[in-house]
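> File follows, upload.txt with compact mmCIF, C-alpha atoms and all ligand atoms:
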```txt
# COMPACT_ATOMS: atom_id res chain seq x y z
CA MET M 1 -51.77 -10.39 4.45
CA GLU M 2 -55.18 -12.04 4.74
CA LEU M 3 -57.23 -12.64 7.87
CA ILE M 4 -59.30 -15.82 7.64
CA LYS M 5 -61.77 -16.77 10.35
CA ASP M 6 -63.53 -19.85 9.00
CA ILE M 7 -62.36 -23.32 8.10
CA GLN M 8 -63.92 -23.47 4.61
CA THR M 9 -62.21 -20.27 3.44
CA MET M 10 -58.91 -21.41 4.93
CA ARG M 11 -59.15 -24.72 3.05
CA SER M 12 -60.02 -23.08 -0.29
CA TYR M 13 -57.17 -20.59 0.13
CA ILE M 14 -54.63 -23.38 0.67
CA LYS M 15 -56.02 -25.47 -2.19
CA ARG M 16 -55.82 -22.51 -4.57
CA ILE M 17 -52.32 -21.49 -3.56
CA GLN M 18 -50.65 -24.83 -2.79
CA GLU M 19 -49.63 -26.18 -6.22
CA GLY M 20 -45.93 -26.93 -5.90
CA LYS M 21 -45.55 -24.46 -3.07
CA ILE M 22 -44.12 -25.07 0.40
CA VAL M 23 -46.63 -24.14 3.08
CA GLY M 24 -45.10 -23.20 6.44
CA PHE M 25 -47.25 -23.06 9.56
CA VAL M 26 -46.71 -21.45 12.96
CA PRO M 27 -49.49 -22.41 15.38
CA THR M 28 -49.85 -19.92 18.27
CA MET M 29 -52.29 -18.77 20.90
CA GLY M 30 -51.52 -15.15 20.01
CA HIS M 31 -50.08 -12.35 22.17
CA LEU M 32 -47.06 -12.67 19.89
CA HIS M 33 -43.60 -12.00 21.29
CA GLU M 34 -40.01 -12.35 20.01
CA GLY M 35 -40.17 -16.11 20.64
CA HIS M 36 -43.08 -16.44 18.18
CA LEU M 37 -41.39 -14.00 15.82
CA SER M 38 -38.27 -16.19 15.66
CA LEU M 39 -40.51 -19.07 14.48
CA ILE M 40 -42.28 -16.79 12.02
CA LYS M 41 -38.97 -15.48 10.63
CA LYS M 42 -37.65 -19.01 10.07
CA GLY M 43 -40.98 -20.04 8.55
CA ARG M 44 -40.87 -17.01 6.23
CA GLU M 45 -37.35 -17.94 5.06
CA GLU M 46 -38.30 -21.54 4.34
CA SER M 47 -41.82 -21.30 2.90
CA ASP M 48 -43.60 -19.95 -0.16
CA VAL M 49 -46.79 -19.47 1.83
CA LEU M 50 -46.68 -18.81 5.57
CA VAL M 51 -49.76 -19.32 7.73
CA VAL M 52 -49.91 -18.31 11.41
CA SER M 53 -52.85 -19.49 13.49
CA ILE M 54 -54.05 -17.53 16.49
CA PHE M 55 -56.39 -19.57 18.63
CA VAL M 56 -56.58 -19.71 22.40
CA ASN M 57 -57.45 -23.37 22.65
CA PRO M 58 -59.88 -24.06 25.53
CA THR M 59 -59.28 -27.83 25.58
CA GLN M 60 -55.65 -27.50 26.67
CA PHE M 61 -56.42 -25.41 29.76
CA GLU M 62 -57.17 -27.20 32.99
CA PRO M 63 -60.46 -26.38 34.79
CA GLY M 64 -59.91 -23.20 36.79
CA GLY M 65 -56.91 -22.37 34.58
CA ASP M 66 -56.23 -19.06 32.84
CA PHE M 67 -58.24 -19.66 29.63
CA LYS M 68 -60.50 -16.64 30.24
CA SER M 69 -57.71 -14.28 31.30
CA TYR M 70 -55.19 -15.45 28.68
CA PRO M 71 -53.96 -12.28 26.90
CA ARG M 72 -55.66 -11.65 23.54
CA ASN M 73 -54.98 -8.83 21.07
CA LEU M 74 -55.65 -9.86 17.48
CA GLU M 75 -55.12 -6.39 16.03
CA TRP M 76 -51.66 -6.03 17.56
CA ASP M 77 -50.71 -9.60 16.57
CA MET M 78 -51.79 -8.88 13.00
CA LYS M 79 -49.55 -5.82 12.83
CA LEU M 80 -46.55 -7.83 14.04
CA ALA M 81 -47.30 -10.70 11.67
CA GLU M 82 -47.79 -8.41 8.70
CA ALA M 83 -44.42 -6.75 9.37
CA GLU M 84 -42.82 -10.21 9.18
CA GLY M 85 -44.43 -10.94 5.82
CA VAL M 86 -46.96 -13.56 7.02
CA ASP M 87 -49.42 -14.44 4.22
CA VAL M 88 -52.40 -15.56 6.28
CA ILE M 89 -53.56 -15.27 9.85
CA PHE M 90 -56.03 -18.04 10.63
CA ALA M 91 -57.99 -16.90 13.68
CA PRO M 92 -61.12 -19.02 14.05
CA SER M 93 -63.65 -18.67 16.87
CA VAL M 94 -64.07 -21.38 19.51
CA GLU M 95 -67.47 -22.25 17.94
CA GLU M 96 -65.85 -22.69 14.52
CA ILE M 97 -63.35 -25.21 15.92
CA TYR M 98 -65.50 -26.89 18.57
CA PRO M 99 -69.14 -26.59 17.45
CA GLY M 100 -71.91 -27.78 19.79
CA GLY M 101 -71.82 -31.56 20.22
CA TYR M 102 -68.08 -31.77 19.49
CA SER M 103 -66.74 -35.05 20.94
CA THR M 104 -63.56 -36.18 19.17
CA PHE M 105 -60.11 -36.02 20.77
CA VAL M 106 -56.66 -37.06 19.66
CA GLU M 107 -54.28 -38.30 22.34
CA VAL M 108 -50.66 -39.42 22.40
CA GLU M 109 -50.59 -42.01 25.18
CA GLY M 110 -47.75 -43.22 27.36
CA HIS M 111 -44.72 -41.89 29.16
CA LEU M 112 -44.20 -38.83 26.95
CA THR M 113 -47.50 -37.27 27.96
CA SER M 114 -47.77 -38.56 31.52
CA ILE M 115 -44.71 -36.92 33.09
CA LEU M 116 -43.67 -33.30 33.75
CA GLU M 117 -46.34 -31.08 32.11
CA GLY M 118 -48.56 -34.13 31.57
CA GLU M 119 -48.46 -34.97 35.27
CA SER M 120 -48.91 -31.39 36.48
CA ARG M 121 -51.59 -30.47 33.93
CA PRO M 122 -53.78 -33.55 33.32
CA GLY M 123 -55.54 -33.33 29.95
CA HIS M 124 -53.25 -30.55 28.70
CA PHE M 125 -51.51 -32.56 25.98
CA ARG M 126 -54.79 -34.16 24.90
CA GLY M 127 -56.02 -30.63 24.18
CA VAL M 128 -52.79 -29.67 22.40
CA THR M 129 -52.73 -32.76 20.16
CA THR M 130 -56.43 -32.43 19.40
CA ILE M 131 -56.16 -28.82 18.26
CA LEU M 132 -52.96 -29.47 16.31
CA ALA M 133 -54.44 -32.50 14.54
CA LYS M 134 -57.36 -30.26 13.53
CA LEU M 135 -55.16 -27.32 12.47
CA PHE M 136 -52.80 -29.59 10.49
CA ASN M 137 -55.85 -30.96 8.72
CA ILE M 138 -57.20 -27.50 7.90
CA VAL M 139 -53.92 -25.80 6.91
CA SER M 140 -52.14 -28.82 5.28
CA PRO M 141 -48.65 -27.51 6.03
CA ASP M 142 -45.38 -28.99 4.77
CA ARG M 143 -43.46 -27.66 7.77
CA THR M 144 -44.47 -26.45 11.18
CA TYR M 145 -42.42 -24.55 13.76
CA PHE M 146 -42.25 -24.98 17.55
CA GLY M 147 -40.20 -23.24 20.25
CA GLU M 148 -38.05 -25.39 22.53
CA LYS M 149 -39.25 -23.57 25.63
CA ASP M 150 -42.11 -26.04 25.34
CA TYR M 151 -39.65 -28.87 24.73
CA GLN M 152 -42.01 -31.65 25.82
CA GLN M 153 -44.76 -30.26 23.59
CA ALA M 154 -42.41 -30.40 20.57
CA LEU M 155 -41.65 -34.10 21.31
CA VAL M 156 -45.33 -34.90 21.75
CA VAL M 157 -46.14 -33.22 18.43
CA ARG M 158 -43.33 -35.13 16.71
CA LYS M 159 -44.88 -38.36 18.03
CA LEU M 160 -48.36 -37.30 16.91
CA VAL M 161 -47.08 -36.62 13.40
CA ARG M 162 -45.21 -39.95 13.22
CA ASP M 163 -48.03 -42.03 14.68
CA LEU M 164 -50.65 -40.53 12.37
CA ASN M 165 -48.30 -40.66 9.32
CA LEU M 166 -48.78 -36.95 8.72
CA ASN M 167 -46.53 -35.65 5.98
CA ILE M 168 -45.33 -32.68 8.02
CA GLU M 169 -41.82 -31.75 9.09
CA ILE M 170 -41.58 -30.52 12.69
CA VAL M 171 -38.96 -27.78 13.07
CA PRO M 172 -37.95 -27.08 16.69
CA LEU M 173 -36.21 -23.73 17.32
CA PRO M 174 -34.24 -22.48 20.34
CA THR M 175 -35.87 -20.67 23.24
CA VAL M 176 -35.67 -16.88 23.00
CA ARG M 177 -34.69 -15.19 26.27
CA GLU M 178 -34.74 -11.73 27.81
CA GLN M 179 -31.31 -10.26 28.59
CA ASP M 180 -31.47 -11.60 32.14
CA GLY M 181 -32.25 -15.10 30.88
CA LEU M 182 -36.03 -15.27 31.44
CA ALA M 183 -37.56 -17.37 28.66
CA LEU M 184 -40.12 -15.40 26.65
CA SER M 185 -43.69 -16.49 27.31
CA SER M 186 -47.07 -14.84 26.87
CA ARG M 187 -47.67 -15.58 30.57
CA ASN M 188 -44.76 -13.29 31.58
CA SER M 189 -47.23 -10.44 31.09
CA TYR M 190 -49.06 -11.62 34.26
CA LEU M 191 -45.99 -10.92 36.43
CA THR M 192 -45.80 -7.90 38.73
CA PRO M 193 -42.46 -6.03 38.64
CA ALA M 194 -41.29 -7.91 41.77
CA GLU M 195 -42.37 -11.25 40.32
CA ARG M 196 -40.70 -10.43 37.03
CA LYS M 197 -37.39 -10.01 38.88
CA ALA M 198 -37.98 -13.18 40.87
CA ALA M 199 -38.79 -15.17 37.71
CA THR M 200 -35.13 -15.17 36.64
CA VAL M 201 -34.62 -17.83 39.31
CA LEU M 202 -35.84 -20.46 36.81
CA TYR M 203 -33.02 -19.78 34.36
CA GLN M 204 -30.56 -19.36 37.24
CA SER M 205 -31.48 -22.85 38.44
CA LEU M 206 -30.75 -24.26 34.97
CA LEU M 207 -27.37 -22.51 34.97
CA THR M 208 -26.66 -24.01 38.40
CA ALA M 209 -27.18 -27.46 36.87
CA LYS M 210 -24.92 -26.55 33.98
CA LYS M 211 -22.18 -25.43 36.37
CA ASP M 212 -22.56 -28.60 38.47
CA ILE M 213 -22.17 -30.77 35.39
CA ALA M 214 -19.19 -28.74 34.19
CA ARG M 215 -17.62 -29.26 37.66
CA GLY M 216 -17.96 -33.02 37.20
CA ILE M 217 -21.05 -33.68 39.33
CA ARG M 218 -22.83 -36.65 37.75
CA ASP M 219 -25.43 -37.60 40.36
CA ALA M 220 -28.79 -36.26 39.11
CA THR M 221 -30.19 -36.13 42.67
CA VAL M 222 -27.39 -33.79 43.75
CA ILE M 223 -27.89 -31.60 40.66
CA SER M 224 -31.68 -31.42 41.24
CA SER M 225 -31.27 -30.62 44.92
CA HIS M 226 -28.92 -27.72 44.15
CA MET M 227 -31.54 -26.38 41.73
CA GLU M 228 -34.30 -26.80 44.30
CA ASP M 229 -32.23 -25.05 47.01
CA LEU M 230 -31.72 -22.08 44.71
CA ILE M 231 -35.43 -21.81 43.82
CA ARG M 232 -36.49 -22.22 47.47
CA GLY M 233 -34.27 -19.24 48.29
CA GLN M 234 -36.61 -17.05 46.23
CA PRO M 235 -39.66 -16.27 48.45
CA LEU M 236 -42.01 -15.59 45.48
CA ALA M 237 -41.27 -18.95 43.84
CA ARG M 238 -42.93 -22.31 44.47
CA ILE M 239 -41.44 -25.37 42.76
CA ASP M 240 -43.70 -27.64 40.74
CA TYR M 241 -40.95 -29.92 39.39
CA VAL M 242 -37.25 -30.07 38.71
CA ALA M 243 -36.05 -32.89 36.46
CA VAL M 244 -32.84 -34.18 34.94
CA ILE M 245 -33.93 -36.31 32.00
CA ASP M 246 -32.94 -37.92 28.72
CA PRO M 247 -33.72 -35.37 25.95
CA GLU M 248 -35.14 -38.02 23.60
CA THR M 249 -37.18 -40.27 25.92
CA LEU M 250 -37.81 -37.80 28.76
CA ARG M 251 -36.96 -40.60 31.21
CA ARG M 252 -35.29 -39.44 34.41
CA VAL M 253 -31.58 -40.21 34.53
CA GLU M 254 -29.70 -41.19 37.69
CA ARG M 255 -26.24 -40.27 36.44
CA VAL M 256 -25.28 -37.73 33.81
CA GLU M 257 -23.24 -39.75 31.31
CA LYS M 258 -24.30 -37.99 28.10
CA GLU M 259 -26.39 -35.01 27.04
CA VAL M 260 -29.31 -34.35 29.40
CA LEU M 261 -32.27 -32.02 29.48
CA VAL M 262 -32.78 -30.13 32.70
CA ALA M 263 -36.37 -28.96 33.08
CA VAL M 264 -38.07 -26.81 35.68
CA ALA M 265 -41.61 -25.61 36.40
CA ALA M 266 -42.46 -23.20 39.19
CA LYS M 267 -45.12 -20.76 40.21
CA ILE M 268 -43.95 -17.19 40.56
CA GLY M 269 -46.74 -15.61 42.55
CA GLN M 270 -49.82 -16.96 40.77
CA THR M 271 -48.10 -17.46 37.41
CA ARG M 272 -46.82 -20.88 36.43
CA LEU M 273 -43.70 -20.77 34.26
CA ILE M 274 -41.54 -23.48 32.69
CA ASP M 275 -38.03 -23.56 31.28
CA ASN M 276 -35.39 -26.07 30.23
CA LEU M 277 -31.82 -26.37 29.04
CA LYS M 278 -29.96 -29.08 27.13
CA ILE M 279 -26.60 -29.72 28.73
CA GLY M 280 -24.00 -31.62 26.76
O1 LIG H 1 -47.62 -23.62 22.28
C1 LIG H 1 -48.75 -23.10 22.08
O2 LIG H 1 -48.91 -21.89 21.96
C2 LIG H 1 -49.96 -24.01 21.99
O3 LIG H 1 -49.83 -25.11 22.82
C3 LIG H 1 -50.26 -24.47 20.53
C4 LIG H 1 -49.14 -25.30 19.98
C5 LIG H 1 -50.50 -23.24 19.65
C6 LIG H 1 -51.53 -25.32 20.52
O4 LIG H 1 -52.63 -24.60 20.97
```
Let me see the file written as C-alpha cells.

Amino acid sequence: MELIKDIQTMRSYIKRIQEGKIVGFVPTMGHLHEGHLSLIKKGREESDVLVVSIFVNPTQFEPGGDFKSYPRNLEWDMKLAEAEGVDVIFAPSVEEIYPGGYSTFVEVEGHLTSILEGESRPGHFRGVTTILAKLFNIVSPDRTYFGEKDYQQALVVRKLVRDLNLNIEIVPLPTVREQDGLALSSRNSYLTPAERKAATVLYQSLLTAKKDIARGIRDATVISSHMEDLIRGQPLARIDYVAVIDPETLRRVERVEKEVLVAVAAKIGQTRLIDNLKIG
C-alpha cells in the first residue's frame, strides 16, 4: 500500500496505473470503523485499484464545531486499510487542499441541501460537495462508495455527479450497526459510557416508527410524535429533528402510502448523532 500526501503524486499515480483499470474510491475523514471497512471491502471487490482518502475537511464543519477535536489517527487507519488490501491512502494536508487565497466552492442548491442536515448545519453540504468535487478531480475514480447512515449526503453527492456530468458511479451501502442498533460513526468515540447507552434511543425511535407503520398508522405526524416522545424520555438526549420523508426527494410526507425514510438527529450529551431507516 502507498501513502500519498500531495496532489501531483496522486495524479501521476492514477495516470500511470489507470489504463483499462477500474478505480474505486472511498472518501473518508479517517478514524476508520466497520462502517468504513464495509465500503472498503465492497470497493476492493469491485475495483482494480482502490484509493481511500483520509482528510478531515475544515469547510464542512460549522464555526465552533468539532473540526479541531475530530479524532485523527493516520497510523492506525493505515494498518486497517492495508489489511483490507487498499492500494493507496491519499492523506493530503489542509494547506495542500486549501492553499492560501483559496476561494472556489461547489454547491448543490435547492431543497436537497436546505432541509434536515442542511438546515441544522448551514454550509455543511457546501463544504462536502466542494471537497468531493476536488477529490473526484484528483483521484478520477470510476466508482465511489458512501454509507447510508449519511443518507442525505449520498443523495447530494448523486446530484453533484449528475449536475456536473461526472463519469462516476455512486454506490450507496447499508448502515453498519453495533449489536444494540447504534449506527457506527466516528463521533461515537466522544460518548461517555452513560451517553453510549443512551444513544441507542435514536435507533429505538426508528424502530418505533417501523412498528407504527406495520400496525397500520399512516399519519406522519402521529409517527413523528411517537418517536419524539420516546427520545424525550431519555434525559441525555435532545432532539434536533425527526422527519418522515420521501426517500428520493426528501420532501416531508403527510401520509405513509409507499416507502418512506424516517430520519432523526439528536444530541446525546454534547455529541450530535444522526440515523435513518427506510421503511417499506
Ligand atoms: O462522510 C464523510 O466522512 C465526509 O463527509 C466525506 C464524504 C469524506 C467528505 O469529507
> Name each residue within 6 Å of ligand LIG 1 (chain H), counting all atoms listed in the file, as a list in words.
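Those within range of ligand LIG 1 (chain H) are Pro27, Thr28, Met29, Asn57 and Val128 of chain M.
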> Please determine, counting all atoms listed in the file, which residue among M:Arg218, M:Lys267, M:Arg121, M:Lys41 has the shortest atom-to-atom distance to Gln234 (chain M).
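Closest to Gln234 (chain M) of all the choices is M:Lys267.
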> Give the answer as one residue: which of M:Val156, M:Leu80, M:Leu277, M:Leu236 has the shortest atom-to-atom distance to Glu117 (chain M), using all atoms listed in the file?
M:Val156
> Could you give me, as a tab-separated table, every region 47-120 of chain M residue with an atom at most 9 Å from region 137-151 of chain M, plus its closest atom pair and distance in Å to one decimal, counting all atoms listed in the file, rows ordered by chain then number?

```
residue	atom	partner	partner_atom	distance
M:Ser47	CA	M:Arg143	CA	8.2
M:Leu50	CA	M:Pro141	CA	8.9
M:Val51	CA	M:Val139	CA	7.7
M:Phe90	CA	M:Val139	CA	8.9
```
> Counting all atoms listed in the file, which residues of region 52-107 of chain M sit at most 10 Å from some atom of region 178-186 of chain M, and what is each one's closest atom pair with its distance in Å to one decimal, listed by chain and rising residue number, as a tab-separated table?

```
residue	atom	partner	partner_atom	distance
M:Tyr70	CA	M:Ser186	CA	8.3
M:Pro71	CA	M:Ser186	CA	7.4
M:Arg72	CA	M:Ser186	CA	9.7
```
> May I have the selected residues written with C-alpha atoms, as a PDB file, in the coordinates of the input?

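Final output, saved to result37.pdb:
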```pdb
ATOM      1  CA  TYR M  70     -55.190 -15.450  28.680  1.00  0.00           C
ATOM      2  CA  PRO M  71     -53.960 -12.280  26.900  1.00  0.00           C
ATOM      3  CA  ARG M  72     -55.660 -11.650  23.540  1.00  0.00           C
TER       4      ARG M  72
END
```
> Go through M:Pro174, M:Gly30, M:His36, M:Arg187 and flag the residue nearest Trp76 (chain M), using all atoms listed in the file for the distances.
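So, comparing all the options, the nearest one is M:Gly30.
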> Can you work out which one of M:Ile168, M:Leu116, M:Met10, M:Leu207 has the shortest atom-to-atom distance to Ala265 (chain M), counting all atoms listed in the file?
M:Leu116
> Between CA of Val88 (chain M) and CA of Phe67 (chain M), what is the distance in Å, rounded to a tenth?
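Taking CA of Val88 (chain M) and CA of Phe67 (chain M), their separation equals 24.4 Å.
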> For a cut-off of 8 Å around (-42.5, -32.7, 18.6), file coordinates, pick out all residues using only C-alpha atoms and list them as a list in words.
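The residues near that point, listed by chain and number, are Phe146, Tyr151, Gln152, Gln153, Ala154, Leu155, Val156, Val157, Arg158, Lys159, Leu160, Val161, Ile170 and Pro172 of chain M.
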> Which one of M:Val176, M:Val56, M:Leu164, M:Thr104 sits closest to Leu37 (chain M) if you count all atoms listed in the file?
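Under the stated criterion, the closest residue is M:Val176.
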> Could you pull the residues within 12 Å of Pro235 (chain M), counting all atoms listed in the file, minus those fewer than 6 positions along the same chain, as a PyMOL selection string?
chain M and resi 194-195+197-199+201+229+266-269
> Taking (-30.1, -23.0, 41.3) in the coordinates of the supplied file, I want to know which residues reach to within 9 Å of it, counting all atoms listed in the file; could you give the answer as a PDB file with C-alpha atoms, keeping the file's coordinate frame?

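Contents of the output file result_6.pdb:
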```pdb
ATOM      1  CA  VAL M 201     -34.620 -17.830  39.310  1.00  0.00           C
ATOM      2  CA  LEU M 202     -35.840 -20.460  36.810  1.00  0.00           C
ATOM      3  CA  TYR M 203     -33.020 -19.780  34.360  1.00  0.00           C
ATOM      4  CA  GLN M 204     -30.560 -19.360  37.240  1.00  0.00           C
ATOM      5  CA  SER M 205     -31.480 -22.850  38.440  1.00  0.00           C
ATOM      6  CA  LEU M 206     -30.750 -24.260  34.970  1.00  0.00           C
ATOM      7  CA  LEU M 207     -27.370 -22.510  34.970  1.00  0.00           C
ATOM      8  CA  THR M 208     -26.660 -24.010  38.400  1.00  0.00           C
ATOM      9  CA  ALA M 209     -27.180 -27.460  36.870  1.00  0.00           C
ATOM     10  CA  ILE M 223     -27.890 -31.600  40.660  1.00  0.00           C
ATOM     11  CA  SER M 224     -31.680 -31.420  41.240  1.00  0.00           C
ATOM     12  CA  SER M 225     -31.270 -30.620  44.920  1.00  0.00           C
ATOM     13  CA  HIS M 226     -28.920 -27.720  44.150  1.00  0.00           C
ATOM     14  CA  MET M 227     -31.540 -26.380  41.730  1.00  0.00           C
ATOM     15  CA  GLU M 228     -34.300 -26.800  44.300  1.00  0.00           C
ATOM     16  CA  ASP M 229     -32.230 -25.050  47.010  1.00  0.00           C
ATOM     17  CA  LEU M 230     -31.720 -22.080  44.710  1.00  0.00           C
ATOM     18  CA  ILE M 231     -35.430 -21.810  43.820  1.00  0.00           C
ATOM     19  CA  ARG M 232     -36.490 -22.220  47.470  1.00  0.00           C
ATOM     20  CA  GLY M 233     -34.270 -19.240  48.290  1.00  0.00           C
TER      21      GLY M 233
END
```
> Please report the interatomic distance between CA of Pro92 (chain M) and CA of Lys5 (chain M) in Å with one decimal.
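Value for the CA of Pro92 (chain M)-CA of Lys5 (chain M) distance: 4.4 Å.
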> Give me, please, the distance in Å between CA of Gly123 (chain M) and CA of Leu39 (chain M), quoted to one decimal.
25.9 Å
